[in-house]
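Colleague: Pasting a structure here, questions to come.
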Amino acid sequence: MSVLAQVANELTSSEVDIAQNIAFGIIAAAMIFSAFKTVTTANVVHAALYLVIVLAGVAAIFILLGSDFVGATQVLVYIGAIVVLFLFGIMLTKAQLGDDETVETERRSMGALVGVLLLVVMGYALVDTFENAELEFSDPEPIAFSEIDVKVSDVPTPVVDALPDVFGDRGGDDIVTITGADFATLVPEVQRRVPGAEVFGNNKQIADSIFSQYIVPFEAVSVLLLAALIGAIVVARKE
Amino acid sequence: MSPILSIEIPFWGQTIFRSIGGLAAALGPAGLLVYIYLFKLMSFVQSRLGPMEAGPQGSLQLLAEVGKFFQKEDIFPEKADRIVFALAPFVVLMSTFLLVLVVPFGPDAWFVNLDTGIYFALAVSSVSVIGILMAGWASASKYSLLGGLRAAGQLIAYELPLVLAVMGVVIQAGTLNMQDIVLAQAEGEIFGFGGLGNPFILTQFVGFVIFLIAMQAELTQPPFDMPVAESELVTGYMTEYSGIRFLLFFVGEFATAGVFSMIAAVLFLGGWWVPGLDPDSNLFNIIGPAVLLGKMFIVTTLIFWFRFTYPRFREDQLQKIAWKFLIPISLANIVVTGVLKVVF
């Protein structure tokens with residue numbers, strides 16, 4: 001096999017990777033540009049709007065990774081609430097158009113220092129963690145969470161009838177594995193009708209880990225936010 | 001892919017179909033709503049004929065209106081921040097088009113079948129606030145700025161009851177997926193009687209009422225139209241807009257009304273499903289969109305009925321309704337629903 005054919009072969013086996021990489025490149029470029037503009041523009045409202053693009057880019061990357069729950073949370077919390085609050089505050093206080101002459105530049109070197117420090121720490125952590133890890137090429141075969149094992153006797157008859165290719169003439173206690181295209185179209189069906197059939201998707205994993213493994217930090221953060229909320233009300237009401 | 005037509009369509013083809021479908025699903029209802037409600041029902045309520053000249057019963061008036069806006073000059077105020085001013089209507093419209101993505105029209109007729117369907121919808125609906133604030137600020141006009149601020153304050157306040165009202169449905173259905181919410185209603189039973197399924201308007205009536213009120217406020221429809229109060233603020237954040245950009249805001253307003261009504265129909269009225277038919281049958285891929293459109297009209301009739309009937313609230317009354325009534329009631333609704341879910 002020529003080198004070219006080999007490359008072409010690899011390309012087809014990881015087409016999704018390429019599309020993802022291109023999308024990631026575009027999003028990352030937009031994010032880097034907007035992040036620079038956020039800290040360099042002298043117009044406060046523009047800075048907030050550039051921040052929207054950065055945060056939307058983060059959400060887009062999460063969605064690109066198939067994690068739509070985290071992506072939607074990013075949009076809801078950061079764009080829908082925090083940046084709106086920023087804009088709200090800016091417009092209630094000084095909503096001048098054009099560049100703000102009073103934006104201070106004297107702390108820029110300090111800010112740059114913090115930025116570089118953050119980059120070094122995070123870069124080191126990334127390199128330290130993944131130094132010897134080998135990236136696996138994405139396998140066109142169905143991956144683990146798109147499979148389901150069901151006992152034929154647990155599956156209602158209409159589903160069995162609808163899936164002659166999968167079930168064939170098997171019955172009783174035979175275990176049947178449904179994968180690939182059959183999974184995509186029919187497993188929601190089976191899952192709905194078969195109690196206890198476990199399908200692992202992203203949301204379920206997130207929910208499971210938040211409410212079991214990380215329950216204590218999760219509750220602690222909730223209490224912290226509540227305290228901040230009450231604190232804000234106390235500070236705002238000076239009666 | 002849908003088994004209804006056994007044609008293999010490549011991914012880019014599906015994407016094109018979905019894009020066209022999404023545009024139609026957002027803009028079609030917008031046009032219908034403007035004609036049926038704004039032109040005709042409003043005239044009926046106010047004892048007048050409404051537009052009658054363009055086409056039979058004035059049915060082509062919509063085209064005349066759109067043509068009028070296309071002809072008008074796209075004016076930028078002298079001191080405006082031109083780029084932000086120009087982009088603002090598109091941000092508002094973008095939020096609408098993202099919203100329509102998750103609405104299911106049949107067992108296989110959907111644009112995107114996200115696991116987090118309704119959560120995604122509520123998240124992207126909050127993006128429109130950014131567009132409104134952009135418009136209010138970039139217009140360089142005090143009316144626009146006040147309108148933008150009022151809109152932002154209102155939309156933030158009413159997003160909470162909106163989300164909390166949906167929580168009851170999510171707890172009952174046990175899923176965030178819009179498709180599964182429809183199926184949960186189709187296969188649900190009320191005290192062992194499954195003939196009607198379980199449309200959540202019956203068991204989540206409190207949630208439905210809260211959702212409707214919050215939706216009215218999110219859409220800035222009267223009686224919650226303080227951001228565009230014409231007697232105080234000209235037209236709020238839209239004051240400086242003219243021509244096609246004003247049209248975009250206008251289309252965005254009615255398209256969002258349509259899409260939000262579809263979401264309400266999916267959450268509370270059973271979506272594309274009608275009682276007595278098997279929710280898995282292929283028939284629903286064909287009649288589903290029409291059924292959903294019909295249910296959408298039930299919700300929009302309520303919205304526009306309130307719009308034509310009630311006078312505008314005061315700003316402080318508006319905030320009081322959200323924070324002192326709707327949010328506590330919807331929190332109580334969540335607790336009660338959760339307890340009942342565990343008990344039954």
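Labels for the structure tokens follow display order: chains A, B, ..., residues from 1 in each chain, ligands from 1.
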For chain B, work out the contacting residues on chain A at 8 Å, counting only C-alpha atoms, and write them as number ranges by chain.
Modeller: A: 68-69, 72-73, 75-76, 79-81, 84, 87-88, 91-92, 95, 97-98, 185, 203
Colleague: From the list B:Phe297, B:Trp272, B:Phe200, B:Tyr143, which residue is nearest Glu232 of chain B when using only C-alpha atoms?
Modeller: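 Closest to Glu232 of chain B, using only C-alpha atoms: B:Tyr143.
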Colleague: Can you tell me, as number ranges by chain, which residues in segment 122-273 of chain B count as alpha helix (DSSP H) by DSSP?
Modeller: B: 122-125, 128-138, 142-173, 178-187, 200-203, 205-218, 230-233, 243-268
Colleague: Which is closer to Ile61 of chain A than all the others in A:Val77, A:Val234, A:Leu229, A:Met31, using only C-alpha atoms?
Modeller: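 Checking each of A:Val77, A:Val234, A:Leu229, A:Met31 against Ile61 of chain A, counting only C-alpha atoms, the winner is A:Met31.
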Colleague: Figure out the distance between atom CA of Ala135 of chain B and atom CA of Met42 of chain B, please, to one decimal in Å.
Modeller: 28.2 Å
